[in-house]
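Peer 1: Please find one structure pasted underneath; my questions will follow.
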Amino acid sequence: MRSYLDSQEKIIKELGSNIELGLNDQDVLDSRNLYGENSFSQEKPISIFIKIKEALLEPMIFILIIAAIITISVNVFKLFNGQDAEFVESIGILIAIALSTTITIVMEGRSKKAFEALNKIKENIAIKTYRNGVITLIAQKDLVVGDIVSVETGDKIPVDARLLESINLQVDESSLTGESNPVNKKSNLMIKNAHTPLAERFNMIYGGTFITAGIGKAIVTQVGDSTEFGKIADELKKQDKTTTPLQEKLSKLGKAISILGIGLAIFIFLIQVIKLYLIGNINFDTISETFITSIVLIVAAVPEGLPKIVAESQAINIMKWLKKMLWLKIL
């Protein structure tokens with residue numbers, strides 16, 4: 001539906017609405033069944049096995065896995081050759097891997113719950129809507145196509161809608177168009193060109209934007225995934241997941257520390273081998289002990305817990321903020 005091209009009367013008739021009365025209860029049910037709910041479709045949940053696999057393939061954890069394989073192989077070789085084998089280092093590395101993987105999965109779950117709680121607060125934001133001839137505050141998640149909504153300064157628009165009335169209405173559309181200045185909206189504007197860009201559709205208001213001035217009345221034309229904002233969200237889902245600037249910096253820091261630790265461990269190993277050679281005590285036992293010591297140094301240098309600690313801190317802070325908001329709401 002190209003709502004910006006059609007007249008107000010045509011849109012109201014097509015959507016079975018009424019500019020004064022809005023929708024009745026049956027109209028709301030019919031519209032929801034036909035056009036869907038005002039919410040974005042959720043991604044399919046990832047199985048626990050895939051989460052474990054992704055956690056184990058992280059560079060820092062992968063280094064620990066290689067270290068564990070090497071130390072276990074060396075000690076197994078000793079064991080089968082009748083020599084003393086010590087698996088303490090190997091067990092320690094495996095425990096570190098298990099803890100890190102568990103913390104990663106748990107923290108991801110807590111972070112997801114925190115952001116879901118934030119989304120629920122957002123979904124419960126009410127907007128003035130005409131239902132059964134009465135202006136009612138309706139949660140944005142309950143809006144349907146055909147609803148007549150009233151907007152004013154400070155409102156965040158949760159749907160795409162065709163303006164029916166407007167008085168000095170200005171909208172911040174930077175989230176969609178990148179335009180930093182508020183856009184003047186005109187309800188009586190008729191657009192003839194079907195290729196008019198979104199930034200110039202002055203008779204429409206779009207989900208994800210803010211009313212910076214004036215008041216207006218509009219009829220909802222798109223909800224959920226069908227909105228312009230929903231289309232952007234859908235495109236982002238199809239792309240590879242990106243990281244935040246903080247995550248990128250933490251990743252770079254972790255890699256730098258790991259490379260430095262590995263370099264120092266190799267340097268110490270070579271120095272020890274040269275020392276053993278000079279004193280004439282070079283053999284499999286001394287070489288393997290020196291090698292395992294170097295592996296332990298690498299394990300100690302890899303900051304596998306750094307990203308998890310930051311994620312935990314963020315999740316805890318979000319939950320604290322939510323509790324504070326709920327407490328203030330009660331008061």
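Convention: chains lettered A, B, ... in structure tokens order; per-chain residue numbering from 1; ligands numbered from 1 as shown.
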Please, which residues of stretch 60-210 of chain A, numbered as in this document, come out strand (DSSP E) from DSSP, as number ranges by chain?

Peer 2: A: 126-131, 134-139, 148-152, 160-172, 183-184, 204-205, 210

Peer 1: Would you save the residues from that selection as a compact mmCIF listing (two decimals), in the first residue's frame, using C-alpha atoms?

Peer 2:
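Dumped everything to part_39.txt:
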# COMPACT_ATOMS: atom_id res chain seq x y z
CA ALA A 126 0.35 4.13 25.42
CA ILE A 127 -0.88 6.27 22.52
CA LYS A 128 -4.22 8.09 22.17
CA THR A 129 -6.47 6.05 19.88
CA TYR A 130 -10.10 6.32 18.76
CA ARG A 131 -11.90 3.09 19.62
CA VAL A 134 -14.00 7.16 22.43
CA ILE A 135 -10.41 8.35 22.78
CA THR A 136 -8.59 5.57 24.63
CA LEU A 137 -4.98 5.06 25.67
CA ILE A 138 -3.86 1.94 23.80
CA ALA A 139 -0.51 0.18 24.29
CA ILE A 148 -7.18 6.48 14.22
CA VAL A 149 -4.46 7.86 16.49
CA SER A 150 -3.82 11.28 17.98
CA VAL A 151 -0.22 12.47 18.30
CA GLU A 152 1.38 15.46 19.97
CA ASP A 160 3.38 4.05 9.91
CA ALA A 161 0.35 6.30 9.42
CA ARG A 162 -1.27 8.68 6.91
CA LEU A 163 -1.97 12.11 8.36
CA LEU A 164 -5.61 13.20 8.51
CA GLU A 165 -5.14 16.43 10.43
CA SER A 166 -2.07 18.43 11.43
CA ILE A 167 -1.33 21.72 13.19
CA ASN A 168 2.28 22.96 13.09
CA LEU A 169 3.38 19.31 13.11
CA GLN A 170 7.12 18.64 13.02
CA VAL A 171 8.78 15.22 13.18
CA ASP A 172 12.34 14.08 13.87
CA VAL A 183 10.49 17.80 9.07
CA ASN A 184 7.30 19.84 8.60
CA MET A 204 3.03 10.50 6.38
CA ILE A 205 4.47 9.76 9.82
CA PHE A 210 9.46 11.52 17.26

Peer 1: Please identify the alpha helix (DSSP H) residues within stretch 67-276 of chain A (assignment by DSSP from backbone atoms) and present them as a PyMOL selection string.

Peer 2: chain A and resi 67-80+88-123+174-177+228-238+245-276

Peer 1: Quote the spacing between atom CA of A:Ile72 and atom CA of A:Phe87 in Å to one decimal place.

Peer 2: 7.0 Å

Peer 1: Would you pick out the contacts of A:Lys192 at 10 Å or less, using only C-alpha atoms, so that residues sharing its chain but fewer than 6 positions from it are not included, and give the list as a list of chain:residue names?

Peer 2: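 After dropping sequence-adjacent residues, the list is A:Tyr4, A:Leu5, A:Asp6.
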
Peer 1: What does the file look like for those residues with C-alpha atoms, as an mmCIF file, in the first residue's frame?

Peer 2:
data_model
loop_
_atom_site.group_PDB
_atom_site.id
_atom_site.type_symbol
_atom_site.label_atom_id
_atom_site.label_comp_id
_atom_site.auth_asym_id
_atom_site.auth_seq_id
_atom_site.Cartn_x
_atom_site.Cartn_y
_atom_site.Cartn_z
ATOM 1 C CA TYR A 4 1.285 8.626 0.646
ATOM 2 C CA LEU A 5 -0.263 8.614 -2.873
ATOM 3 C CA ASP A 6 -3.901 8.025 -1.942
#

Peer 1: What lies within 12 Å of A:Phe284 using only C-alpha atoms, ignoring chain neighbours under 4 positions off, as number ranges by chain?

Peer 2: A: 74-75, 77-78, 81, 83, 273, 276, 288-292

Peer 1: Name all residues at most 12 Å from A:Ile274 (count only C-alpha atoms; drop same-chain ones fewer than 6 positions away) and give them as a ChimeraX atom specification.

Peer 2: /A:267-268,280-282,286-287,290

Peer 1: Could you dump the residues just selected with C-alpha atoms as a PDB file, in the first residue's frame?

Peer 2:
ATOM      1  CA  PHE A 267      60.733 -16.643  23.917  1.00  0.00           C
ATOM      2  CA  ILE A 268      60.978 -18.203  27.396  1.00  0.00           C
ATOM      3  CA  GLY A 280      73.953 -30.847  28.702  1.00  0.00           C
ATOM      4  CA  ASN A 281      70.610 -31.762  30.225  1.00  0.00           C
ATOM      5  CA  ILE A 282      68.476 -31.784  27.118  1.00  0.00           C
ATOM      6  CA  THR A 286      63.165 -31.658  30.335  1.00  0.00           C
ATOM      7  CA  ILE A 287      61.909 -30.452  26.953  1.00  0.00           C
ATOM      8  CA  THR A 290      59.643 -26.694  29.665  1.00  0.00           C
TER       9      THR A 290
END
